[in-house]
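Structure file model-v6.txt (compact mmCIF, N, CA and C atoms) is printed below.
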# COMPACT_ATOMS: atom_id res chain seq x y z
N MET A 29 0.85 -1.19 0.00
CA MET A 29 0.00 0.00 0.00
C MET A 29 0.89 1.25 0.00
N LYS A 30 0.59 2.20 -0.85
CA LYS A 30 1.36 3.43 -0.95
C LYS A 30 1.13 4.29 0.29
N LYS A 31 2.19 4.94 0.74
CA LYS A 31 2.10 5.84 1.89
C LYS A 31 1.13 6.98 1.58
N MET A 32 0.34 7.38 2.56
CA MET A 32 -0.59 8.49 2.40
C MET A 32 0.10 9.78 2.82
N TYR A 33 -0.04 10.82 2.00
CA TYR A 33 0.54 12.12 2.30
C TYR A 33 -0.59 13.11 2.60
N PRO A 34 -0.46 13.90 3.66
CA PRO A 34 -1.55 14.78 4.12
C PRO A 34 -1.57 16.16 3.44
N VAL A 35 -2.76 16.75 3.43
CA VAL A 35 -2.91 18.16 3.07
C VAL A 35 -2.44 18.95 4.28
N VAL A 36 -1.48 19.86 4.10
CA VAL A 36 -0.89 20.57 5.23
C VAL A 36 -1.05 22.09 5.17
N HIS A 37 -1.60 22.59 4.06
CA HIS A 37 -1.62 24.04 3.87
C HIS A 37 -2.64 24.33 2.77
N PHE A 38 -3.18 25.52 2.76
CA PHE A 38 -4.02 25.96 1.65
C PHE A 38 -3.52 27.32 1.20
N GLU A 39 -3.83 27.68 -0.04
CA GLU A 39 -3.44 28.98 -0.56
C GLU A 39 -4.62 29.59 -1.32
N LEU A 40 -4.80 30.89 -1.12
CA LEU A 40 -5.87 31.62 -1.79
C LEU A 40 -5.27 32.75 -2.62
N PRO A 41 -5.66 32.87 -3.89
CA PRO A 41 -5.17 33.98 -4.70
C PRO A 41 -5.89 35.27 -4.33
N CYS A 42 -5.19 36.40 -4.47
CA CYS A 42 -5.82 37.68 -4.17
C CYS A 42 -5.30 38.76 -5.12
N ASP A 43 -6.11 39.78 -5.28
CA ASP A 43 -5.70 40.95 -6.04
C ASP A 43 -5.15 42.03 -5.11
N ASP A 44 -5.67 42.07 -3.88
CA ASP A 44 -5.28 43.08 -2.89
C ASP A 44 -5.12 42.37 -1.54
N ARG A 45 -3.88 42.06 -1.17
CA ARG A 45 -3.66 41.26 0.04
C ARG A 45 -4.08 41.98 1.31
N ASP A 46 -3.99 43.31 1.34
CA ASP A 46 -4.44 44.04 2.52
C ASP A 46 -5.95 43.88 2.70
N ARG A 47 -6.68 44.06 1.61
CA ARG A 47 -8.14 43.92 1.66
C ARG A 47 -8.53 42.49 2.04
N MET A 48 -7.85 41.51 1.45
CA MET A 48 -8.19 40.11 1.73
C MET A 48 -7.81 39.73 3.16
N SER A 49 -6.65 40.18 3.63
CA SER A 49 -6.24 39.92 5.02
C SER A 49 -7.26 40.49 5.98
N ASP A 50 -7.70 41.72 5.72
CA ASP A 50 -8.70 42.37 6.57
C ASP A 50 -10.02 41.59 6.56
N PHE A 51 -10.42 41.11 5.37
CA PHE A 51 -11.66 40.35 5.28
C PHE A 51 -11.61 39.12 6.18
N TYR A 52 -10.57 38.28 6.04
CA TYR A 52 -10.50 37.04 6.82
C TYR A 52 -10.29 37.30 8.31
N SER A 53 -9.63 38.40 8.63
CA SER A 53 -9.47 38.78 10.03
C SER A 53 -10.82 39.16 10.64
N GLN A 54 -11.56 40.00 9.92
CA GLN A 54 -12.85 40.47 10.43
C GLN A 54 -13.92 39.38 10.41
N ALA A 55 -13.94 38.56 9.36
CA ALA A 55 -14.99 37.55 9.22
C ALA A 55 -14.72 36.30 10.06
N PHE A 56 -13.43 35.89 10.19
CA PHE A 56 -13.13 34.62 10.82
C PHE A 56 -12.07 34.69 11.93
N GLY A 57 -11.52 35.88 12.18
CA GLY A 57 -10.53 36.03 13.25
C GLY A 57 -9.14 35.53 12.89
N TRP A 58 -8.87 35.26 11.61
CA TRP A 58 -7.55 34.79 11.20
C TRP A 58 -6.52 35.89 11.37
N GLU A 59 -5.27 35.49 11.66
CA GLU A 59 -4.16 36.43 11.79
C GLU A 59 -3.28 36.34 10.55
N ALA A 60 -2.92 37.50 10.00
CA ALA A 60 -2.09 37.54 8.79
C ALA A 60 -0.69 38.05 9.11
N GLN A 61 0.29 37.42 8.48
CA GLN A 61 1.68 37.87 8.57
C GLN A 61 2.15 38.13 7.15
N LYS A 62 2.30 39.41 6.81
CA LYS A 62 2.66 39.80 5.45
C LYS A 62 4.18 39.77 5.28
N LEU A 63 4.62 38.95 4.33
CA LEU A 63 6.05 38.83 4.05
C LEU A 63 6.43 39.82 2.94
N GLY A 64 7.72 40.09 2.82
CA GLY A 64 8.20 41.08 1.87
C GLY A 64 8.49 40.52 0.49
N PRO A 65 9.06 41.38 -0.36
CA PRO A 65 9.34 40.99 -1.75
C PRO A 65 10.30 39.80 -1.87
N GLU A 66 11.20 39.64 -0.88
CA GLU A 66 12.13 38.51 -0.92
C GLU A 66 11.40 37.17 -0.79
N MET A 67 10.15 37.21 -0.32
CA MET A 67 9.31 36.01 -0.21
C MET A 67 8.08 36.13 -1.12
N GLY A 68 8.22 36.92 -2.18
CA GLY A 68 7.14 37.05 -3.16
C GLY A 68 5.91 37.75 -2.65
N ASN A 69 6.06 38.59 -1.61
CA ASN A 69 4.93 39.29 -0.99
C ASN A 69 3.82 38.33 -0.56
N TYR A 70 4.24 37.15 -0.15
CA TYR A 70 3.31 36.13 0.32
C TYR A 70 2.77 36.54 1.69
N THR A 71 1.57 36.13 2.00
CA THR A 71 0.97 36.39 3.31
C THR A 71 0.62 35.06 3.96
N ILE A 72 1.17 34.81 5.13
CA ILE A 72 0.85 33.60 5.89
C ILE A 72 -0.38 33.92 6.73
N VAL A 73 -1.35 33.01 6.76
CA VAL A 73 -2.53 33.21 7.61
C VAL A 73 -2.64 32.07 8.61
N LYS A 74 -2.86 32.46 9.87
CA LYS A 74 -3.10 31.49 10.93
C LYS A 74 -4.60 31.38 11.11
N THR A 75 -5.09 30.15 11.09
CA THR A 75 -6.52 29.90 11.25
C THR A 75 -6.85 29.38 12.64
N ALA A 76 -5.81 29.10 13.42
CA ALA A 76 -5.99 28.55 14.77
C ALA A 76 -4.76 28.86 15.61
N GLU A 77 -4.90 28.66 16.91
CA GLU A 77 -3.79 28.88 17.83
C GLU A 77 -2.64 27.94 17.48
N THR A 78 -1.40 28.47 17.52
CA THR A 78 -0.24 27.67 17.14
C THR A 78 0.74 27.52 18.30
N ASP A 79 1.62 26.52 18.17
CA ASP A 79 2.66 26.31 19.18
C ASP A 79 3.86 27.21 18.87
N GLU A 80 4.94 27.04 19.64
CA GLU A 80 6.12 27.90 19.47
C GLU A 80 6.79 27.72 18.10
N LYS A 81 6.54 26.60 17.41
CA LYS A 81 7.11 26.37 16.08
C LYS A 81 6.19 26.87 14.97
N GLY A 82 5.00 27.34 15.34
CA GLY A 82 4.06 27.85 14.36
C GLY A 82 3.06 26.83 13.83
N TYR A 83 3.06 25.61 14.41
CA TYR A 83 2.13 24.58 13.98
C TYR A 83 0.84 24.68 14.79
N PRO A 84 -0.31 24.40 14.15
CA PRO A 84 -1.57 24.43 14.91
C PRO A 84 -1.53 23.46 16.08
N LYS A 85 -2.05 23.91 17.22
CA LYS A 85 -2.08 23.07 18.42
C LYS A 85 -3.12 21.97 18.31
N GLN A 86 -4.20 22.24 17.61
CA GLN A 86 -5.29 21.28 17.49
C GLN A 86 -5.03 20.36 16.28
N LYS A 87 -5.12 19.06 16.50
CA LYS A 87 -4.90 18.08 15.45
C LYS A 87 -5.93 18.25 14.33
N GLY A 88 -5.47 18.13 13.10
CA GLY A 88 -6.37 18.20 11.94
C GLY A 88 -6.60 19.60 11.40
N ILE A 89 -6.02 20.60 12.03
CA ILE A 89 -6.17 22.00 11.61
C ILE A 89 -4.98 22.38 10.72
N ILE A 90 -5.23 23.13 9.66
CA ILE A 90 -4.14 23.63 8.83
C ILE A 90 -4.22 25.14 8.72
N ASN A 91 -3.07 25.75 8.50
CA ASN A 91 -3.00 27.18 8.22
C ASN A 91 -2.84 27.35 6.73
N GLY A 92 -2.74 28.59 6.29
CA GLY A 92 -2.66 28.83 4.86
C GLY A 92 -1.90 30.07 4.50
N GLY A 93 -2.14 30.51 3.29
CA GLY A 93 -1.47 31.70 2.80
C GLY A 93 -2.24 32.36 1.68
N LEU A 94 -1.87 33.60 1.43
CA LEU A 94 -2.44 34.39 0.34
C LEU A 94 -1.32 34.73 -0.63
N PHE A 95 -1.59 34.61 -1.91
CA PHE A 95 -0.59 34.95 -2.92
C PHE A 95 -1.22 35.82 -3.99
N GLN A 96 -0.39 36.58 -4.67
CA GLN A 96 -0.87 37.45 -5.74
C GLN A 96 -1.43 36.60 -6.87
N ARG A 97 -2.66 36.90 -7.27
CA ARG A 97 -3.31 36.17 -8.36
C ARG A 97 -2.45 36.28 -9.62
N MET A 98 -2.29 35.14 -10.31
CA MET A 98 -1.51 35.09 -11.55
C MET A 98 -2.33 34.41 -12.63
N LYS A 99 -1.88 34.55 -13.86
CA LYS A 99 -2.59 33.95 -15.00
C LYS A 99 -2.82 32.45 -14.80
N ASP A 100 -1.77 31.74 -14.31
CA ASP A 100 -1.90 30.29 -14.14
C ASP A 100 -2.26 29.89 -12.71
N ALA A 101 -2.62 30.84 -11.88
CA ALA A 101 -3.00 30.55 -10.49
C ALA A 101 -4.18 31.45 -10.12
N GLN A 102 -5.36 31.04 -10.55
CA GLN A 102 -6.57 31.84 -10.36
C GLN A 102 -7.48 31.32 -9.25
N TYR A 103 -7.19 30.13 -8.72
CA TYR A 103 -8.12 29.47 -7.82
C TYR A 103 -7.42 29.00 -6.54
N PRO A 104 -8.19 28.72 -5.49
CA PRO A 104 -7.59 28.19 -4.26
C PRO A 104 -6.82 26.90 -4.53
N THR A 105 -5.79 26.68 -3.74
CA THR A 105 -4.92 25.52 -3.89
C THR A 105 -4.76 24.84 -2.54
N VAL A 106 -4.73 23.51 -2.55
CA VAL A 106 -4.33 22.77 -1.35
C VAL A 106 -2.88 22.35 -1.56
N VAL A 107 -2.14 22.22 -0.46
CA VAL A 107 -0.74 21.84 -0.51
C VAL A 107 -0.58 20.51 0.23
N ILE A 108 0.05 19.56 -0.43
CA ILE A 108 0.27 18.22 0.11
C ILE A 108 1.74 18.07 0.47
N ALA A 109 2.02 17.59 1.69
CA ALA A 109 3.40 17.36 2.12
C ALA A 109 3.84 15.97 1.66
N VAL A 110 5.05 15.90 1.09
CA VAL A 110 5.63 14.64 0.63
C VAL A 110 7.03 14.49 1.19
N GLU A 111 7.52 13.26 1.25
CA GLU A 111 8.86 13.01 1.78
C GLU A 111 9.95 13.34 0.77
N ASP A 112 9.72 13.02 -0.50
CA ASP A 112 10.71 13.20 -1.56
C ASP A 112 10.02 13.83 -2.75
N ILE A 113 10.20 15.13 -2.92
CA ILE A 113 9.45 15.85 -3.95
C ILE A 113 9.78 15.36 -5.36
N HIS A 114 11.04 15.00 -5.60
CA HIS A 114 11.42 14.54 -6.95
C HIS A 114 10.77 13.20 -7.27
N ALA A 115 10.74 12.28 -6.31
CA ALA A 115 10.07 10.99 -6.52
C ALA A 115 8.57 11.21 -6.69
N SER A 116 7.99 12.12 -5.90
CA SER A 116 6.56 12.40 -6.00
C SER A 116 6.20 13.07 -7.32
N MET A 117 7.11 13.88 -7.87
CA MET A 117 6.87 14.49 -9.18
C MET A 117 6.75 13.38 -10.25
N LYS A 118 7.59 12.38 -10.15
CA LYS A 118 7.52 11.24 -11.09
C LYS A 118 6.21 10.49 -10.90
N ASP A 119 5.80 10.30 -9.63
CA ASP A 119 4.55 9.61 -9.35
C ASP A 119 3.36 10.37 -9.93
N VAL A 120 3.39 11.70 -9.83
CA VAL A 120 2.32 12.53 -10.38
C VAL A 120 2.20 12.31 -11.88
N GLU A 121 3.33 12.35 -12.57
CA GLU A 121 3.30 12.17 -14.02
C GLU A 121 2.85 10.76 -14.41
N LYS A 122 3.31 9.74 -13.66
CA LYS A 122 2.89 8.36 -13.93
C LYS A 122 1.39 8.19 -13.75
N ALA A 123 0.82 8.93 -12.80
CA ALA A 123 -0.60 8.82 -12.49
C ALA A 123 -1.48 9.66 -13.43
N GLY A 124 -0.87 10.42 -14.35
CA GLY A 124 -1.64 11.21 -15.31
C GLY A 124 -1.71 12.69 -15.01
N GLY A 125 -0.92 13.17 -14.04
CA GLY A 125 -0.87 14.60 -13.75
C GLY A 125 0.26 15.27 -14.50
N LYS A 126 0.40 16.57 -14.28
CA LYS A 126 1.45 17.35 -14.95
C LYS A 126 2.17 18.21 -13.93
N ILE A 127 3.45 18.47 -14.20
CA ILE A 127 4.23 19.38 -13.39
C ILE A 127 4.03 20.78 -13.97
N ILE A 128 3.55 21.71 -13.14
CA ILE A 128 3.37 23.10 -13.60
C ILE A 128 4.67 23.86 -13.38
N GLY A 129 5.26 23.72 -12.20
CA GLY A 129 6.53 24.38 -11.91
C GLY A 129 6.53 25.07 -10.58
N GLY A 130 7.72 25.48 -10.18
CA GLY A 130 7.89 26.14 -8.90
C GLY A 130 7.84 27.64 -9.01
N GLY A 131 8.03 28.16 -10.18
CA GLY A 131 7.98 29.60 -10.35
C GLY A 131 9.26 30.18 -10.89
N HIS A 132 10.41 29.74 -10.37
CA HIS A 132 11.67 30.32 -10.80
C HIS A 132 12.32 29.56 -11.95
N LYS A 133 12.28 28.25 -11.91
CA LYS A 133 12.91 27.44 -12.94
C LYS A 133 11.91 26.38 -13.39
N ALA A 134 11.54 26.41 -14.66
CA ALA A 134 10.52 25.51 -15.19
C ALA A 134 10.82 24.05 -14.84
N GLY A 135 9.83 23.37 -14.29
CA GLY A 135 9.95 21.96 -14.00
C GLY A 135 10.73 21.61 -12.76
N GLU A 136 11.25 22.60 -12.05
CA GLU A 136 12.04 22.35 -10.84
C GLU A 136 11.37 23.00 -9.63
N PRO A 137 11.45 22.35 -8.47
CA PRO A 137 10.88 22.94 -7.25
C PRO A 137 11.61 24.20 -6.82
N ASP A 138 10.87 25.11 -6.22
CA ASP A 138 11.47 26.28 -5.58
C ASP A 138 11.91 25.88 -4.17
N ASP A 139 13.04 26.42 -3.73
CA ASP A 139 13.48 26.22 -2.35
C ASP A 139 13.02 27.43 -1.56
N ILE A 140 11.96 27.28 -0.78
CA ILE A 140 11.41 28.38 0.01
C ILE A 140 12.17 28.42 1.33
N PRO A 141 12.89 29.52 1.59
CA PRO A 141 13.72 29.60 2.80
C PRO A 141 12.95 29.29 4.07
N GLY A 142 13.48 28.38 4.86
CA GLY A 142 12.88 28.02 6.14
C GLY A 142 11.64 27.14 6.03
N VAL A 143 11.21 26.83 4.81
CA VAL A 143 9.98 26.06 4.63
C VAL A 143 10.27 24.71 3.98
N GLY A 144 10.88 24.74 2.79
CA GLY A 144 11.18 23.50 2.08
C GLY A 144 11.06 23.66 0.59
N LEU A 145 11.04 22.54 -0.12
CA LEU A 145 10.93 22.54 -1.58
C LEU A 145 9.46 22.51 -1.98
N TYR A 146 9.08 23.37 -2.94
CA TYR A 146 7.67 23.51 -3.35
C TYR A 146 7.57 23.48 -4.86
N ILE A 147 6.55 22.80 -5.36
CA ILE A 147 6.25 22.84 -6.79
C ILE A 147 4.74 22.73 -6.98
N ALA A 148 4.24 23.35 -8.03
CA ALA A 148 2.82 23.25 -8.37
C ALA A 148 2.65 22.16 -9.42
N ILE A 149 1.57 21.40 -9.27
CA ILE A 149 1.24 20.35 -10.23
C ILE A 149 -0.21 20.51 -10.63
N SER A 150 -0.63 19.79 -11.65
CA SER A 150 -2.06 19.67 -11.92
C SER A 150 -2.39 18.19 -11.86
N ASP A 151 -3.55 17.89 -11.29
CA ASP A 151 -3.96 16.50 -11.19
C ASP A 151 -4.55 16.04 -12.52
N SER A 152 -5.11 14.85 -12.54
CA SER A 152 -5.66 14.28 -13.78
C SER A 152 -6.82 15.08 -14.33
N GLU A 153 -7.44 15.94 -13.50
CA GLU A 153 -8.60 16.73 -13.93
C GLU A 153 -8.26 18.19 -14.16
N GLY A 154 -6.98 18.54 -14.06
CA GLY A 154 -6.55 19.91 -14.30
C GLY A 154 -6.58 20.82 -13.08
N ASN A 155 -6.83 20.27 -11.90
CA ASN A 155 -6.82 21.08 -10.67
C ASN A 155 -5.39 21.37 -10.26
N ARG A 156 -5.14 22.63 -9.92
CA ARG A 156 -3.81 23.02 -9.44
C ARG A 156 -3.66 22.58 -7.98
N ILE A 157 -2.55 21.89 -7.68
CA ILE A 157 -2.24 21.39 -6.34
C ILE A 157 -0.80 21.79 -6.03
N GLY A 158 -0.53 22.15 -4.80
CA GLY A 158 0.83 22.41 -4.38
C GLY A 158 1.43 21.17 -3.73
N MET A 159 2.70 20.95 -3.96
CA MET A 159 3.42 19.83 -3.32
C MET A 159 4.61 20.40 -2.60
N LEU A 160 4.79 20.01 -1.33
CA LEU A 160 5.84 20.56 -0.49
C LEU A 160 6.63 19.45 0.18
N GLN A 161 7.95 19.52 0.08
CA GLN A 161 8.82 18.66 0.87
C GLN A 161 9.35 19.56 1.98
N PRO A 162 8.70 19.49 3.18
CA PRO A 162 9.09 20.39 4.27
C PRO A 162 10.53 20.16 4.71
N LYS A 163 11.19 21.23 5.17
CA LYS A 163 12.53 21.12 5.73
C LYS A 163 12.49 20.11 6.87
N GLY A 164 13.49 19.26 6.92
CA GLY A 164 13.61 18.31 8.00
C GLY A 164 12.74 17.07 7.84
N MET A 165 12.05 16.94 6.72
CA MET A 165 11.22 15.74 6.51
C MET A 165 12.03 14.69 5.81
Can the structure in the file be given as structure tokens, please?
Amino acid sequence: MKKMYPVVHFELPCDDRDRMSDFYSQAFGWEAQKLGPEMGNYTIVKTAETDEKGYPKQKGIINGGLFQRMKDAQYPTVVIAVEDIHASMKDVEKAGGKIIGGGHKAGEPDDIPGVGLYIAISDSEGNRIGMLQPKGM
């Protein structure tokens, strides 16, 4: 039986991250941490109380992020954690999916400082999914 990999993060595209951060804060109490240009102006959102490492204290809860809407990234994305991103990229293609890319180098994962290796894929139905090999995994 193949190992099961969990959904660990979600991402929402936005046109105005300040407006969107304010919306989720006011509507749901989420906390936003806006990162700078060196991190692609990404915004991390906490959906629940976290421990000292930033992980949700309650089992089964995930946090997420907001990113600038792009031509090839118009919809919400779930992010799946994997042990070996290169092996998982091959598994995706064998299963009928496609590698979209990490953003900087076509077909190669981005190394997100302090986070891990990340790449976007599309599943067999064309849904955009994020794949992450977390640091230390």
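From atom N of A:Val110 back to atom C of A:Val143, the distance works out to 10.6 Å.
Take atom CA of A:Lys85 and atom N of A:Met159: the distance between them is 23.0 Å.
Backbone DSSP over stretch 30-162 of chain A gives helix (DSSP H, G or I) for A:Arg45, A:Asp46, A:Arg47, A:Met48, A:Ser49, A:Asp50, A:Phe51, A:Tyr52, A:Ser53, A:Gln54, A:Ala55, A:Phe56, A:Pro65, A:Glu66, A:Met67, A:Ile113, A:His114, A:Ala115, A:Ser116, A:Met117, A:Lys118, A:Asp119, A:Val120, A:Glu121, A:Lys122.
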- Item | Selection: 8 Å around stretch 63-68 of chain A, all atoms listed in the file, excl. self and same-chain fewer than 6 positions, as a PyMOL selection string | chain A and resi 95-96+140-141
- Message: Under the rule that all atoms listed in the file are counted, which of A:Pro84, A:Asp119, A:Ala109, A:Pro137 is the nearest residue to A:Met32?
- Response: A:Ala109
Step by step: start from the point (2.5, 21.2, 0.6) in the file's coordinates, keep every protein, DNA or RNA residue that has an atom no farther than 8 Å from it, count only N, CA and C atoms, and write the set as a PDB file with N, CA and C atoms, in the frame of the given file.
ATOM      1  N   PRO A  34      -0.460  13.900   3.660  1.00  0.00           N
ATOM      2  CA  PRO A  34      -1.550  14.780   4.120  1.00  0.00           C
ATOM      3  C   PRO A  34      -1.570  16.160   3.440  1.00  0.00           C
ATOM      4  N   VAL A  35      -2.760  16.750   3.430  1.00  0.00           N
ATOM      5  CA  VAL A  35      -2.910  18.160   3.070  1.00  0.00           C
ATOM      6  C   VAL A  35      -2.440  18.950   4.280  1.00  0.00           C
ATOM      7  N   VAL A  36      -1.480  19.860   4.100  1.00  0.00           N
ATOM      8  CA  VAL A  36      -0.890  20.570   5.230  1.00  0.00           C
ATOM      9  C   VAL A  36      -1.050  22.090   5.170  1.00  0.00           C
ATOM     10  N   HIS A  37      -1.600  22.590   4.060  1.00  0.00           N
ATOM     11  CA  HIS A  37      -1.620  24.040   3.870  1.00  0.00           C
ATOM     12  C   HIS A  37      -2.640  24.330   2.770  1.00  0.00           C
ATOM     13  N   PHE A  38      -3.180  25.520   2.760  1.00  0.00           N
ATOM     14  CA  PHE A  38      -4.020  25.960   1.650  1.00  0.00           C
ATOM     15  C   PHE A  38      -3.520  27.320   1.200  1.00  0.00           C
ATOM     16  N   VAL A 106      -4.730  23.510  -2.550  1.00  0.00           N
ATOM     17  CA  VAL A 106      -4.330  22.770  -1.350  1.00  0.00           C
ATOM     18  C   VAL A 106      -2.880  22.350  -1.560  1.00  0.00           C
ATOM     19  N   VAL A 107      -2.140  22.220  -0.460  1.00  0.00           N
ATOM     20  CA  VAL A 107      -0.740  21.840  -0.510  1.00  0.00           C
ATOM     21  C   VAL A 107      -0.580  20.510   0.230  1.00  0.00           C
ATOM     22  N   ILE A 108       0.050  19.560  -0.430  1.00  0.00           N
ATOM     23  CA  ILE A 108       0.270  18.220   0.110  1.00  0.00           C
ATOM     24  C   ILE A 108       1.740  18.070   0.470  1.00  0.00           C
ATOM     25  N   ALA A 109       2.020  17.590   1.690  1.00  0.00           N
ATOM     26  CA  ALA A 109       3.400  17.360   2.120  1.00  0.00           C
ATOM     27  C   ALA A 109       3.840  15.970   1.660  1.00  0.00           C
ATOM     28  N   VAL A 110       5.050  15.900   1.090  1.00  0.00           N
ATOM     29  CA  VAL A 110       5.630  14.640   0.630  1.00  0.00           C
ATOM     30  C   VAL A 110       7.030  14.490   1.190  1.00  0.00           C
ATOM     31  N   LEU A 145      11.040  22.540  -0.120  1.00  0.00           N
ATOM     32  CA  LEU A 145      10.930  22.540  -1.580  1.00  0.00           C
ATOM     33  C   LEU A 145       9.460  22.510  -1.980  1.00  0.00           C
ATOM     34  N   TYR A 146       9.080  23.370  -2.940  1.00  0.00           N
ATOM     35  CA  TYR A 146       7.670  23.510  -3.350  1.00  0.00           C
ATOM     36  C   TYR A 146       7.570  23.480  -4.860  1.00  0.00           C
ATOM     37  N   ILE A 147       6.550  22.800  -5.360  1.00  0.00           N
ATOM     38  CA  ILE A 147       6.250  22.840  -6.790  1.00  0.00           C
ATOM     39  C   ILE A 147       4.740  22.730  -6.980  1.00  0.00           C
ATOM     40  N   ILE A 157      -2.550  21.890  -7.680  1.00  0.00           N
ATOM     41  CA  ILE A 157      -2.240  21.390  -6.340  1.00  0.00           C
ATOM     42  C   ILE A 157      -0.800  21.790  -6.030  1.00  0.00           C
ATOM     43  N   GLY A 158      -0.530  22.150  -4.800  1.00  0.00           N
ATOM     44  CA  GLY A 158       0.830  22.410  -4.380  1.00  0.00           C
ATOM     45  C   GLY A 158       1.430  21.170  -3.730  1.00  0.00           C
ATOM     46  N   MET A 159       2.700  20.950  -3.960  1.00  0.00           N
ATOM     47  CA  MET A 159       3.420  19.830  -3.320  1.00  0.00           C
ATOM     48  C   MET A 159       4.610  20.400  -2.600  1.00  0.00           C
ATOM     49  N   LEU A 160       4.790  20.010  -1.330  1.00  0.00           N
ATOM     50  CA  LEU A 160       5.840  20.560  -0.490  1.00  0.00           C
ATOM     51  C   LEU A 160       6.630  19.450   0.180  1.00  0.00           C
ATOM     52  N   GLN A 161       7.950  19.520   0.080  1.00  0.00           N
ATOM     53  CA  GLN A 161       8.820  18.660   0.870  1.00  0.00           C
ATOM     54  C   GLN A 161       9.350  19.560   1.980  1.00  0.00           C
ATOM     55  N   PRO A 162       8.700  19.490   3.180  1.00  0.00           N
ATOM     56  CA  PRO A 162       9.090  20.390   4.270  1.00  0.00           C
ATOM     57  C   PRO A 162      10.530  20.160   4.710  1.00  0.00           C
TER      58      PRO A 162
END
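Coordinates place atom N of A:Pro104 at a distance of 13.1 Å from atom N of A:Asp151.
Comparing A:Ala115, A:Ile149, A:Gly82, A:Gly142 by their smallest distance to A:Lys163, the closest is A:Gly142 (using all atoms listed in the file).
Among A:Gln61, A:Thr75, A:Thr105, A:Asn69, the residue with the shortest atom-to-atom distance to A:Ile89, counting only C-alpha atoms, is A:Thr75.
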Adding 8 Å on each side of the box along x, y and z that holds all listed atoms of stretch 102-113 of chain A, could you give its centre and edge lengths in Å to one decimal, as AutoDock Vina command-line options?
--center_x 1.3 --center_y 22.4 --center_z -4.2 --size_x 34.9 --size_y 34.8 --size_z 28.7
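Across A:Asn91, A:Thr78, A:Gln86, A:Ser150, the tightest approach to A:Gly129 is made by A:Ser150 when counting all atoms listed in the file.
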- Determine which residues of chain A DSSP labels as strand (DSSP E) from the backbone of this structure, then write them out as a ChimeraX atom specification. /A:35-42,59-62,71-74,91-96,105-109,126-129,138-140,144-150,156-162
